[in-house]
Every structure is written in C-alpha cells, then in structure tokens.
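Quick look at my_file.cif (mmCIF, C-alpha atoms):
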```
data_work
loop_
_atom_site.group_PDB
_atom_site.id
_atom_site.type_symbol
_atom_site.label_atom_id
_atom_site.label_comp_id
_atom_site.auth_asym_id
_atom_site.auth_seq_id
_atom_site.Cartn_x
_atom_site.Cartn_y
_atom_site.Cartn_z
ATOM 1 C CA MET A 142 -20.078 107.561 82.344
ATOM 2 C CA THR A 143 -22.162 106.317 79.442
ATOM 3 C CA VAL A 144 -25.814 107.031 78.962
ATOM 4 C CA PRO A 145 -27.899 103.919 78.277
ATOM 5 C CA THR A 146 -29.665 103.860 74.962
ATOM 6 C CA ASP A 147 -32.445 101.748 73.533
ATOM 7 C CA LYS A 148 -32.333 99.847 70.253
ATOM 8 C CA SER A 149 -33.282 102.940 68.267
ATOM 9 C CA GLY A 150 -30.481 104.983 69.789
ATOM 10 C CA ALA A 151 -32.740 107.147 71.952
ATOM 11 C CA ALA A 152 -31.328 108.142 75.314
ATOM 12 C CA THR A 153 -33.091 106.753 78.327
ATOM 13 C CA ASP A 154 -33.588 108.371 81.646
ATOM 14 C CA THR A 155 -32.259 105.910 84.216
ATOM 15 C CA LEU A 156 -33.760 107.890 87.088
ATOM 16 C CA ARG A 157 -37.282 107.529 85.643
ATOM 17 C CA GLY A 158 -36.667 103.987 84.601
ATOM 18 C CA GLY A 159 -37.759 104.350 80.983
ATOM 19 C CA PRO A 160 -37.077 106.015 77.674
ATOM 20 C CA ARG A 161 -37.655 109.715 77.247
ATOM 21 C CA ARG A 162 -40.783 110.495 75.301
ATOM 22 C CA ARG A 163 -40.353 112.599 72.236
ATOM 23 C CA ARG A 164 -42.986 115.211 71.547
ATOM 24 C CA VAL A 165 -44.500 114.750 68.156
ATOM 25 C CA ARG A 166 -45.376 118.013 66.460
ATOM 26 C CA THR A 167 -48.257 117.987 64.010
ATOM 27 C CA GLY A 168 -48.985 120.650 61.476
ATOM 28 C CA GLY A 169 -45.459 121.981 61.157
ATOM 29 C CA GLY A 170 -42.370 121.102 59.225
ATOM 30 C CA HIS A 171 -43.829 120.067 55.893
ATOM 31 C CA GLY A 172 -46.318 122.877 55.261
ATOM 32 C CA VAL A 173 -49.908 122.578 54.072
ATOM 33 C CA PRO A 174 -50.584 120.677 50.829
ATOM 34 C CA LEU A 175 -51.746 123.043 48.096
ATOM 35 C CA PRO A 176 -54.693 120.778 47.077
ATOM 36 C CA LEU A 177 -56.055 121.278 50.619
ATOM 37 C CA LEU A 178 -55.034 124.889 51.159
ATOM 38 C CA LEU A 179 -56.634 126.279 48.013
ATOM 39 C CA PRO A 180 -60.201 124.939 48.558
ATOM 40 C CA ALA A 181 -59.923 125.820 52.251
ATOM 41 C CA LEU A 182 -59.199 129.462 51.391
ATOM 42 C CA ILE A 183 -61.997 129.508 48.814
ATOM 43 C CA GLY A 184 -64.401 128.084 51.398
ATOM 44 C CA LEU A 185 -63.330 130.695 53.927
ATOM 45 C CA ALA A 186 -63.846 133.474 51.395
ATOM 46 C CA PHE A 187 -67.232 132.034 50.421
ATOM 47 C CA LEU A 188 -68.398 132.324 54.032
ATOM 48 C CA VAL A 189 -66.740 135.608 54.991
ATOM 49 C CA VAL A 190 -66.968 137.806 51.886
ATOM 50 C CA PRO A 191 -70.801 138.182 51.985
ATOM 51 C CA LEU A 192 -70.581 139.376 55.582
ATOM 52 C CA ILE A 193 -67.846 141.850 54.693
ATOM 53 C CA ALA A 194 -69.940 143.037 51.744
ATOM 54 C CA LEU A 195 -72.849 143.658 54.106
ATOM 55 C CA LEU A 196 -70.638 145.830 56.291
ATOM 56 C CA VAL A 197 -69.171 147.654 53.287
ATOM 57 C CA ARG A 198 -72.585 148.443 51.820
ATOM 58 C CA THR A 199 -74.113 149.499 55.134
ATOM 59 C CA PRO A 200 -75.355 153.130 54.951
ATOM 60 C CA TRP A 201 -73.545 154.225 58.094
ATOM 61 C CA ARG A 202 -74.642 157.862 57.832
ATOM 62 C CA SER A 203 -78.327 157.062 57.636
ATOM 63 C CA LEU A 204 -78.079 154.033 59.919
ATOM 64 C CA PRO A 205 -79.190 155.829 63.118
ATOM 65 C CA GLY A 206 -82.291 157.132 61.376
ATOM 66 C CA GLN A 207 -83.052 153.706 59.903
ATOM 67 C CA LEU A 208 -82.734 151.950 63.253
ATOM 68 C CA THR A 209 -84.787 154.513 65.168
ATOM 69 C CA SER A 210 -87.810 154.351 62.874
ATOM 70 C CA ALA A 211 -91.063 153.143 64.397
ATOM 71 C CA GLU A 212 -91.338 150.184 62.028
ATOM 72 C CA VAL A 213 -87.897 148.856 62.927
ATOM 73 C CA TRP A 214 -88.452 149.160 66.653
ATOM 74 C CA GLN A 215 -91.854 147.533 66.313
ATOM 75 C CA ALA A 216 -90.395 144.567 64.444
ATOM 76 C CA LEU A 217 -87.421 144.346 66.806
ATOM 77 C CA GLN A 218 -89.588 144.425 69.911
ATOM 78 C CA LEU A 219 -91.912 141.766 68.509
ATOM 79 C CA SER A 220 -88.938 139.603 67.533
ATOM 80 C CA LEU A 221 -87.377 139.807 70.984
ATOM 81 C CA VAL A 222 -90.644 139.077 72.769
ATOM 82 C CA CYS A 223 -91.597 136.158 70.527
ATOM 83 C CA ALA A 224 -88.102 134.638 70.526
ATOM 84 C CA THR A 225 -87.963 134.825 74.324
ATOM 85 C CA ALA A 226 -91.421 133.287 74.644
ATOM 86 C CA ALA A 227 -90.500 130.525 72.181
ATOM 87 C CA THR A 228 -87.360 129.813 74.207
ATOM 88 C CA ALA A 229 -89.426 129.600 77.391
ATOM 89 C CA VAL A 230 -91.755 127.112 75.712
ATOM 90 C CA SER A 231 -88.736 125.134 74.513
ATOM 91 C CA LEU A 232 -87.321 125.038 78.044
ATOM 92 C CA VAL A 233 -90.568 123.905 79.654
ATOM 93 C CA LEU A 234 -91.170 121.162 77.089
ATOM 94 C CA GLY A 235 -87.677 120.436 75.776
ATOM 95 C CA VAL A 236 -85.783 119.755 79.012
ATOM 96 C CA PRO A 237 -88.174 116.971 80.130
ATOM 97 C CA LEU A 238 -88.113 115.577 76.575
ATOM 98 C CA ALA A 239 -84.307 115.538 76.602
ATOM 99 C CA TRP A 240 -84.338 113.788 79.986
ATOM 100 C CA LEU A 241 -86.744 111.173 78.629
ATOM 101 C CA LEU A 242 -84.513 110.473 75.629
ATOM 102 C CA ALA A 243 -81.342 110.338 77.721
ATOM 103 C CA ARG A 244 -82.479 108.506 80.832
ATOM 104 C CA VAL A 245 -85.445 106.250 79.970
ATOM 105 C CA GLU A 246 -85.190 103.074 77.922
ATOM 106 C CA PHE A 247 -88.351 102.448 75.884
ATOM 107 C CA PRO A 248 -89.181 100.786 72.571
ATOM 108 C CA GLY A 249 -88.708 103.071 69.594
ATOM 109 C CA ARG A 250 -86.526 105.593 71.396
ATOM 110 C CA GLY A 251 -84.307 105.993 68.341
ATOM 111 C CA PHE A 252 -87.341 106.679 66.173
ATOM 112 C CA VAL A 253 -88.639 109.259 68.653
ATOM 113 C CA ARG A 254 -85.226 110.948 68.677
ATOM 114 C CA ALA A 255 -85.312 111.084 64.883
ATOM 115 C CA LEU A 256 -88.744 112.732 64.976
ATOM 116 C CA VAL A 257 -87.527 115.282 67.518
ATOM 117 C CA THR A 258 -84.566 116.255 65.353
ATOM 118 C CA LEU A 259 -86.586 116.279 62.114
ATOM 119 C CA PRO A 260 -87.337 120.052 62.258
ATOM 120 C CA LEU A 261 -83.579 120.643 62.036
ATOM 121 C CA VAL A 262 -83.507 119.377 58.455
ATOM 122 C CA LEU A 263 -87.113 120.042 57.492
ATOM 123 C CA PRO A 264 -87.542 123.078 55.203
ATOM 124 C CA PRO A 265 -89.088 125.837 57.351
ATOM 125 C CA VAL A 266 -91.896 126.443 54.844
ATOM 126 C CA VAL A 267 -92.845 122.765 55.091
ATOM 127 C CA GLY A 268 -92.869 123.154 58.862
ATOM 128 C CA GLY A 269 -95.254 126.090 58.520
ATOM 129 C CA VAL A 270 -97.574 124.081 56.276
ATOM 130 C CA ALA A 271 -97.476 121.210 58.773
ATOM 131 C CA LEU A 272 -98.403 123.602 61.572
ATOM 132 C CA LEU A 273 -101.323 124.888 59.512
ATOM 133 C CA MET A 274 -102.546 121.343 58.928
ATOM 134 C CA ALA A 275 -102.291 120.614 62.650
ATOM 135 C CA LEU A 276 -103.235 123.902 64.349
ATOM 136 C CA GLY A 277 -105.170 125.804 61.678
ATOM 137 C CA ARG A 278 -108.874 126.463 62.098
ATOM 138 C CA ASN A 279 -109.629 123.307 60.119
ATOM 139 C CA GLY A 280 -106.541 121.463 61.341
ATOM 140 C CA VAL A 281 -106.392 118.144 63.099
ATOM 141 C CA VAL A 282 -106.012 119.797 66.511
ATOM 142 C CA GLY A 283 -106.835 123.414 65.657
ATOM 143 C CA LYS A 284 -110.506 122.801 64.941
ATOM 144 C CA TRP A 285 -110.973 121.436 68.466
ATOM 145 C CA LEU A 286 -109.049 124.331 69.991
ATOM 146 C CA ASP A 287 -111.344 126.732 68.147
ATOM 147 C CA ALA A 288 -114.558 124.839 68.969
ATOM 148 C CA TRP A 289 -113.839 124.113 72.627
ATOM 149 C CA PHE A 290 -111.725 127.048 73.792
ATOM 150 C CA GLY A 291 -112.075 129.665 71.050
ATOM 151 C CA ILE A 292 -108.307 129.615 70.476
ATOM 152 C CA THR A 293 -107.061 130.524 67.001
ATOM 153 C CA LEU A 294 -103.316 130.410 66.477
ATOM 154 C CA PRO A 295 -102.633 131.087 62.768
ATOM 155 C CA PHE A 296 -101.867 134.703 61.814
ATOM 156 C CA THR A 297 -101.553 135.815 65.441
ATOM 157 C CA THR A 298 -98.640 136.734 67.685
ATOM 158 C CA ALA A 299 -99.138 133.440 69.521
ATOM 159 C CA GLY A 300 -98.779 131.744 66.155
ATOM 160 C CA VAL A 301 -95.361 133.371 65.753
ATOM 161 C CA VAL A 302 -94.303 131.909 69.110
ATOM 162 C CA VAL A 303 -95.573 128.457 68.106
ATOM 163 C CA ALA A 304 -93.762 128.554 64.757
ATOM 164 C CA GLU A 305 -90.503 129.699 66.344
ATOM 165 C CA ALA A 306 -90.709 127.110 69.129
ATOM 166 C CA PHE A 307 -91.313 124.363 66.544
ATOM 167 C CA VAL A 308 -88.050 125.077 64.734
ATOM 168 C CA ALA A 309 -85.995 126.074 67.809
ATOM 169 C CA MET A 310 -86.810 123.378 70.352
ATOM 170 C CA PRO A 311 -84.699 120.613 68.701
ATOM 171 C CA PHE A 312 -81.558 122.699 69.272
ATOM 172 C CA LEU A 313 -82.247 122.774 73.005
ATOM 173 C CA VAL A 314 -83.217 119.094 73.181
ATOM 174 C CA ILE A 315 -80.023 117.971 71.446
ATOM 175 C CA SER A 316 -77.834 120.145 73.674
ATOM 176 C CA VAL A 317 -79.494 119.055 76.916
ATOM 177 C CA GLU A 318 -79.617 115.384 75.944
ATOM 178 C CA GLY A 319 -75.899 115.381 75.175
ATOM 179 C CA THR A 320 -75.162 117.017 78.531
ATOM 180 C CA LEU A 321 -77.345 114.471 80.339
ATOM 181 C CA ARG A 322 -75.541 111.572 78.702
ATOM 182 C CA ALA A 323 -72.192 113.017 79.755
ATOM 183 C CA ALA A 324 -73.303 113.692 83.347
ATOM 184 C CA ASP A 325 -72.399 111.189 86.062
ATOM 185 C CA ARG A 326 -75.541 109.274 87.027
ATOM 186 C CA ARG A 327 -74.060 108.156 90.346
ATOM 187 C CA TYR A 328 -75.028 111.462 91.941
ATOM 188 C CA GLU A 329 -78.679 110.875 91.060
ATOM 189 C CA GLU A 330 -78.485 107.282 92.297
ATOM 190 C CA ALA A 331 -76.948 108.464 95.564
ATOM 191 C CA ALA A 332 -79.756 110.989 96.033
ATOM 192 C CA THR A 333 -82.450 108.350 95.446
ATOM 193 C CA THR A 334 -80.633 105.975 97.814
ATOM 194 C CA LEU A 335 -80.818 108.631 100.520
ATOM 195 C CA GLY A 336 -84.595 108.813 100.085
ATOM 196 C CA ALA A 337 -85.112 111.511 97.487
ATOM 197 C CA SER A 338 -87.760 110.954 94.845
ATOM 198 C CA ARG A 339 -86.817 110.830 91.177
ATOM 199 C CA PHE A 340 -88.222 114.319 90.633
ATOM 200 C CA THR A 341 -86.419 115.718 93.694
ATOM 201 C CA ALA A 342 -83.157 114.168 92.492
ATOM 202 C CA PHE A 343 -83.723 115.698 89.088
ATOM 203 C CA ARG A 344 -84.509 119.123 90.549
ATOM 204 C CA ARG A 345 -81.805 119.216 93.220
ATOM 205 C CA VAL A 346 -78.998 117.188 91.618
ATOM 206 C CA THR A 347 -79.442 116.779 87.861
ATOM 207 C CA LEU A 348 -80.491 120.324 86.967
ATOM 208 C CA PRO A 349 -77.436 121.970 88.593
ATOM 209 C CA LEU A 350 -75.179 119.445 86.836
ATOM 210 C CA ILE A 351 -76.605 120.115 83.386
ATOM 211 C CA ALA A 352 -77.157 123.857 83.825
ATOM 212 C CA PRO A 353 -74.371 124.805 81.346
ATOM 213 C CA GLY A 354 -75.909 122.544 78.682
ATOM 214 C CA ILE A 355 -79.345 124.019 79.299
ATOM 215 C CA ALA A 356 -77.958 127.551 79.032
ATOM 216 C CA ALA A 357 -76.154 126.757 75.783
ATOM 217 C CA GLY A 358 -79.249 125.089 74.337
ATOM 218 C CA ALA A 359 -81.440 128.013 75.379
ATOM 219 C CA VAL A 360 -79.123 130.505 73.682
ATOM 220 C CA LEU A 361 -79.102 128.432 70.491
ATOM 221 C CA ALA A 362 -82.886 128.086 70.569
ATOM 222 C CA TRP A 363 -83.322 131.818 71.146
ATOM 223 C CA ALA A 364 -81.031 132.693 68.252
ATOM 224 C CA ARG A 365 -82.784 130.223 65.965
ATOM 225 C CA ALA A 366 -86.196 131.586 66.954
ATOM 226 C CA LEU A 367 -85.049 135.167 66.371
ATOM 227 C CA GLY A 368 -83.961 134.352 62.825
ATOM 228 C CA GLU A 369 -86.922 132.182 61.848
ATOM 229 C CA PHE A 370 -88.599 133.168 58.577
ATOM 230 C CA GLY A 371 -90.208 130.347 56.572
ATOM 231 C CA ALA A 372 -92.440 128.741 59.197
ATOM 232 C CA THR A 373 -93.405 132.143 60.593
ATOM 233 C CA ILE A 374 -94.553 133.685 57.317
ATOM 234 C CA THR A 375 -96.432 130.492 56.377
ATOM 235 C CA PHE A 376 -98.180 129.925 59.686
ATOM 236 C CA ALA A 377 -98.457 133.442 61.113
ATOM 237 C CA GLY A 378 -98.298 135.712 58.080
ATOM 238 C CA ASN A 379 -96.627 139.100 57.778
ATOM 239 C CA PHE A 380 -98.757 141.688 59.561
ATOM 240 C CA PRO A 381 -96.890 144.751 60.940
ATOM 241 C CA GLY A 382 -97.179 145.064 64.688
ATOM 242 C CA ARG A 383 -98.718 141.602 65.063
ATOM 243 C CA THR A 384 -96.654 138.984 63.260
ATOM 244 C CA GLN A 385 -93.945 140.902 61.375
ATOM 245 C CA THR A 386 -90.649 139.929 62.974
ATOM 246 C CA MET A 387 -87.199 141.188 61.985
ATOM 247 C CA PRO A 388 -86.528 138.601 59.233
ATOM 248 C CA LEU A 389 -89.916 139.325 57.694
ATOM 249 C CA ALA A 390 -89.248 143.060 57.917
ATOM 250 C CA VAL A 391 -85.913 142.535 56.118
ATOM 251 C CA TYR A 392 -87.669 140.638 53.328
ATOM 252 C CA LEU A 393 -90.340 143.315 52.969
ATOM 253 C CA ALA A 394 -87.866 146.231 53.105
ATOM 254 C CA LEU A 395 -85.620 144.631 50.485
ATOM 255 C CA GLN A 396 -88.350 145.112 47.895
ATOM 256 C CA SER A 397 -88.862 148.835 48.509
ATOM 257 C CA ASP A 398 -86.017 150.203 50.652
ATOM 258 C CA PRO A 399 -82.717 148.263 50.331
ATOM 259 C CA GLU A 400 -80.945 150.543 52.808
ATOM 260 C CA ALA A 401 -83.498 149.706 55.482
ATOM 261 C CA ALA A 402 -83.066 145.994 54.682
ATOM 262 C CA ILE A 403 -79.306 146.332 55.131
ATOM 263 C CA ALA A 404 -79.764 148.135 58.447
ATOM 264 C CA LEU A 405 -82.114 145.437 59.734
ATOM 265 C CA SER A 406 -79.752 142.719 58.540
ATOM 266 C CA LEU A 407 -76.935 144.420 60.421
ATOM 267 C CA VAL A 408 -78.944 144.195 63.637
ATOM 268 C CA LEU A 409 -79.492 140.464 63.145
ATOM 269 C CA LEU A 410 -75.813 140.028 62.314
ATOM 270 C CA ALA A 411 -74.846 141.777 65.547
ATOM 271 C CA VAL A 412 -77.174 139.498 67.510
ATOM 272 C CA SER A 413 -75.666 136.420 65.851
ATOM 273 C CA ILE A 414 -72.141 137.564 66.715
ATOM 274 C CA ALA A 415 -73.223 138.163 70.312
ATOM 275 C CA VAL A 416 -74.660 134.635 70.509
ATOM 276 C CA LEU A 417 -71.481 133.152 69.062
ATOM 277 C CA ALA A 418 -69.398 135.112 71.556
ATOM 278 C CA GLY A 419 -71.582 133.828 74.372
ATOM 279 C CA LEU A 420 -70.936 130.238 73.282
ATOM 280 C CA ARG A 421 -67.200 130.670 72.731
ATOM 281 C CA ASP A 422 -66.274 128.582 75.760
ATOM 282 C CA ARG A 423 -68.374 125.707 74.445
ATOM 283 C CA TRP A 424 -67.507 125.643 70.747
ATOM 284 C CA MET A 425 -64.622 128.009 70.077
ATOM 285 C CA THR A 426 -61.903 126.719 72.387
ATOM 286 C CA ALA A 427 -59.275 124.347 71.126
ATOM 287 C CA SER A 428 -59.161 120.922 72.695
#
```
For the structure just supplied, provide its representation as structure tokens.
Amino acid sequence: MTVPTDKSGAATDTLRGGPRRRRVRTGGGHGVPLPLLLPALIGLAFLVVPLIALLVRTPWRSLPGQLTSAEVWQALQLSLVCATAATAVSLVLGVPLAWLLARVEFPGRGFVRALVTLPLVLPPVVGGVALLMALGRNGVVGKWLDAWFGITLPFTTAGVVVAEAFVAMPFLVISVEGTLRAADRRYEEAATTLGASRFTAFRRVTLPLIAPGIAAGAVLAWARALGEFGATITFAGNFPGRTQTMPLAVYLALQSDPEAAIALSLVLLAVSIAVLAGLRDRWMTAS
C-alpha cells in the first residue's frame, strides 16, 4: 500500500483528507546572531548590574537599625498613606475618564487622550512647576481656593497627594481604557435593552468585566505614586513628617548618611519587586 504524497513529497493523511502540517520551530537550529546577542547581553547587564550593586553594598548588619529608626518609619508611613490616597483619587477620577475616552465619541478625543497621557513623558519637575502655577496661592485656581475656602495645597501633605495623583493617574487611565476597548460591548447593550440605565449597566456589568484592568492600573498608579520625587519636592517641598516621602528621604540621606540611603533604596526596591510579581500574570507570561 502506497502513501499518497503531494507535489513537495510530503506525506498526506488520507483519513483527515489533507496534508500533515509540519511544526515550524523558531529560535532553534541556527543559533543567535552575534551582532544581536552582544548588545542584548550588554543591555541586560546595564539594567541588572546596578541592582546587584545595590544589594552587594547594602549594610546588612546595620540594616535592622537603619530601618527601625524613627525617621525611616515616618517617611515610610507618609509614603504609604499618600500613595494610597493618590491611588484612590486616581480611581475616582481616572476610571470615569477612561470610560469617556473608550466609549464616547466626541470631537477632539484624540487630543484629549494626548493631554491625559502627557504626564507620562513630562519631566516630573515641570509637572511640579505646572501644579504650582495652577494650585499655588497665586495660581490660576489656587488663589480662588485660598480666598473662598481657605485651602492651601503647596507644601502640605495634601499637596503630596495631589502631586502623586498628577503623575500616577495616566497609568490607571491607559490600563482601564485598554481593558474597556477589549471588553465586549454586547453585554452592556443587553443590559440597557432590558431596561437598565447607562450608569446601572456600567456599575453592574462593565465594572465586573474590567475589574482586572482596574486592579492592574491601580497597582501601577500606586507604585508610581510611591516612587514620585520631582513633582513632590517642587510642589510640596521636603519637610520631615509632613511632606518628606521615601524618595525624598533617600535623596536627603545620600548627602549625609549613604548607608541610610542604601537601606531606604532597598525598601523601595522590595516594593517594586512586589508590584512586578503582582502583575506577573498580566505582563510576564509568554503568549
């Protein structure tokens, strides 16, 4: 009995009625070209070696004493509180903004999206100056807040929250908008057809669908707020116990006590690794 073959000589499976598919393997057989491998290894070393150096130079013996000092705990507590508050502000304002960009057609939507993502590429110090011009005592909006309500934001703990929310919110908006665009709109349309209002459909149908995107965006926003430096020091200053967050404490300690700066940096590094581990299912799995 002969096995039918196609023109290329490949055996065909008569039971399936077609030629057998050959699996094409990529990445093996010919090796990696040296012109690509060498810069790839240099790039990897460029990103990893500084982190290894931080671990090597960490004063492990004095680390417990460094981390249990009152100044460190004060800065850490303030950082956690302000980053969490900034994330809450980002959630309250950013999720509706993401829904508007993803679901509503209006003139200039692309321009509005560009403005929303601008803080991602804007130098943080410039963001702090912009906040001063807008919310300072003589700012465009700040002078009315001071005159009408007696609210002064610069160089206060609330100012830290505002500065961190300004730089962190775009991360949440981008994440939630992408999730909304990928979500099936037919569920929302079915809910409105059954008599639900647009807000009820959003609350009962859309929010559960996009919950993973919201969670991922909130984690990214929280991590970005925790590590914010430029906008915070420009808009809120560096006052211990009131506006001195962990990044500001690292900068200050580096000038007088390098070991304390290394210890504080290690804490922020641990937080960053924890955030990355929390997002592993979203960004670190192979497709």
- [ ] Using all atoms listed in the file, determine which residues lie at most 12 Å from Leu259 of chain A, disregarding the query and same-chain residues fewer than 6 positions distant; provide the list as a list of chain:residue names.
- [x] A:Phe252, A:Val253, A:Pro265, A:Val267, A:Gly268, A:Phe307, A:Val308, A:Ala309, A:Met310, A:Pro311, A:Phe312, A:Val314, A:Ile315
Task: Expansion of the PyMOL selection byres ((chain A and resi 271) around 12) into residues, as number ranges by chain - done: A: 260, 263-270, 272-277, 280-283, 295, 303-304, 307-308, 371-373, 375-376
Generate the output file for the selected residues, C-alpha atoms, as an mmCIF file, in the coordinates of the input.
```cif
data_model
loop_
_atom_site.group_PDB
_atom_site.id
_atom_site.type_symbol
_atom_site.label_atom_id
_atom_site.label_comp_id
_atom_site.auth_asym_id
_atom_site.auth_seq_id
_atom_site.Cartn_x
_atom_site.Cartn_y
_atom_site.Cartn_z
ATOM 1 C CA PRO A 260 -87.337 120.052 62.258
ATOM 2 C CA LEU A 263 -87.113 120.042 57.492
ATOM 3 C CA PRO A 264 -87.542 123.078 55.203
ATOM 4 C CA PRO A 265 -89.088 125.837 57.351
ATOM 5 C CA VAL A 266 -91.896 126.443 54.844
ATOM 6 C CA VAL A 267 -92.845 122.765 55.091
ATOM 7 C CA GLY A 268 -92.869 123.154 58.862
ATOM 8 C CA GLY A 269 -95.254 126.090 58.520
ATOM 9 C CA VAL A 270 -97.574 124.081 56.276
ATOM 10 C CA LEU A 272 -98.403 123.602 61.572
ATOM 11 C CA LEU A 273 -101.323 124.888 59.512
ATOM 12 C CA MET A 274 -102.546 121.343 58.928
ATOM 13 C CA ALA A 275 -102.291 120.614 62.650
ATOM 14 C CA LEU A 276 -103.235 123.902 64.349
ATOM 15 C CA GLY A 277 -105.170 125.804 61.678
ATOM 16 C CA GLY A 280 -106.541 121.463 61.341
ATOM 17 C CA VAL A 281 -106.392 118.144 63.099
ATOM 18 C CA VAL A 282 -106.012 119.797 66.511
ATOM 19 C CA GLY A 283 -106.835 123.414 65.657
ATOM 20 C CA PRO A 295 -102.633 131.087 62.768
ATOM 21 C CA VAL A 303 -95.573 128.457 68.106
ATOM 22 C CA ALA A 304 -93.762 128.554 64.757
ATOM 23 C CA PHE A 307 -91.313 124.363 66.544
ATOM 24 C CA VAL A 308 -88.050 125.077 64.734
ATOM 25 C CA GLY A 371 -90.208 130.347 56.572
ATOM 26 C CA ALA A 372 -92.440 128.741 59.197
ATOM 27 C CA THR A 373 -93.405 132.143 60.593
ATOM 28 C CA THR A 375 -96.432 130.492 56.377
ATOM 29 C CA PHE A 376 -98.180 129.925 59.686
#
```
- [ ] Could you list the residues chosen by the PyMOL selection byres ((chain A and resi 239) around 9) in this structure as a PyMOL selection string?
- [x] chain A and resi 234-238+240-244+313-319+321
Open item on the list: Residues near Glu212 of chain A, anyone? I mean within 9 Å using all atoms listed in the file, not counting same-chain ones fewer than 3 positions away, as a PyMOL selection string.
Closed with: chain A and resi 208-209+215-217+381-382+390
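Across A:Thr347, A:Thr297, A:Gln396, A:Thr341, the tightest approach to Arg383 of chain A is made by A:Thr297 when counting only C-alpha atoms.
What separates atom CA of Gly358 of chain A from atom CA of Gly419 of chain A is a distance of 11.6 Å.
Among the candidates A:Leu350, A:Ala306, A:Leu407, A:Val262, the one nearest to Arg327 of chain A when counting all atoms listed in the file is A:Leu350.
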- [ ] Compute the distance from (-99.0, 135.8, 72.7) to each atom, counting only C-alpha atoms, keep the residues with any atom at most 9 Å away, and return them as number ranges by chain; use the coordinates of the file.
- [x] A: 222-223, 226, 297-302
Task: Nearby residues (all atoms listed in the file) at most 9 Å from Ala401 of chain A, same-chain spacing under 5 positions excluded, as a VMD selection string - done: chain A and resid 200 204 207 to 208 213 391 394 to 395 406
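Rounded to one decimal, atom CA of Leu405 of chain A and atom CA of Pro388 of chain A lie 8.2 Å from each other.
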Open item on the list: Using only C-alpha atoms for the distances, tell me which of A:Ile183, A:Leu367, A:Ile292, A:Val230 is nearest to Arg278 of chain A.
Closed with: A:Ile292
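The space separating atom CA of Ala224 of chain A from atom CA of Trp201 of chain A comes to 27.4 Å.
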As a PDB file, keeping the file's coordinate frame, could you write out segment 276-287 of chain A once it has been completed with N, CA and C atoms?
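out-v4.pdb was written with the following content:
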```
ATOM      1  N   LEU A 276    -102.695 122.903  63.428  1.00  0.00           N
ATOM      2  CA  LEU A 276    -103.235 123.902  64.349  1.00  0.00           C
ATOM      3  C   LEU A 276    -104.076 124.973  63.676  1.00  0.00           C
ATOM      4  N   GLY A 277    -104.288 124.862  62.351  1.00  0.00           N
ATOM      5  CA  GLY A 277    -105.170 125.804  61.678  1.00  0.00           C
ATOM      6  C   GLY A 277    -106.622 125.633  62.124  1.00  0.00           C
ATOM      7  N   ARG A 278    -107.471 126.533  61.679  1.00  0.00           N
ATOM      8  CA  ARG A 278    -108.874 126.463  62.098  1.00  0.00           C
ATOM      9  C   ARG A 278    -109.537 125.161  61.677  1.00  0.00           C
ATOM     10  N   ASN A 279    -109.117 124.596  60.575  1.00  0.00           N
ATOM     11  CA  ASN A 279    -109.629 123.307  60.119  1.00  0.00           C
ATOM     12  C   ASN A 279    -108.606 122.196  60.302  1.00  0.00           C
ATOM     13  N   GLY A 280    -107.589 122.437  61.127  1.00  0.00           N
ATOM     14  CA  GLY A 280    -106.541 121.463  61.341  1.00  0.00           C
ATOM     15  C   GLY A 280    -106.971 120.320  62.225  1.00  0.00           C
ATOM     16  N   VAL A 281    -106.092 119.341  62.311  1.00  0.00           N
ATOM     17  CA  VAL A 281    -106.392 118.144  63.099  1.00  0.00           C
ATOM     18  C   VAL A 281    -106.648 118.484  64.563  1.00  0.00           C
ATOM     19  N   VAL A 282    -105.849 119.373  65.118  1.00  0.00           N
ATOM     20  CA  VAL A 282    -106.012 119.797  66.511  1.00  0.00           C
ATOM     21  C   VAL A 282    -106.650 121.181  66.588  1.00  0.00           C
ATOM     22  N   GLY A 283    -106.367 122.040  65.606  1.00  0.00           N
ATOM     23  CA  GLY A 283    -106.835 123.414  65.657  1.00  0.00           C
ATOM     24  C   GLY A 283    -108.344 123.561  65.668  1.00  0.00           C
ATOM     25  N   LYS A 284    -109.043 122.673  64.967  1.00  0.00           N
ATOM     26  CA  LYS A 284    -110.506 122.801  64.941  1.00  0.00           C
ATOM     27  C   LYS A 284    -111.108 122.557  66.317  1.00  0.00           C
ATOM     28  N   TRP A 285    -110.465 121.675  67.114  1.00  0.00           N
ATOM     29  CA  TRP A 285    -110.973 121.436  68.466  1.00  0.00           C
ATOM     30  C   TRP A 285    -110.595 122.578  69.393  1.00  0.00           C
ATOM     31  N   LEU A 286    -109.418 123.159  69.194  1.00  0.00           N
ATOM     32  CA  LEU A 286    -109.049 124.331  69.991  1.00  0.00           C
ATOM     33  C   LEU A 286    -110.002 125.490  69.735  1.00  0.00           C
ATOM     34  N   ASP A 287    -110.426 125.648  68.485  1.00  0.00           N
ATOM     35  CA  ASP A 287    -111.344 126.732  68.147  1.00  0.00           C
ATOM     36  C   ASP A 287    -112.742 126.442  68.674  1.00  0.00           C
TER      37      ASP A 287
END
```
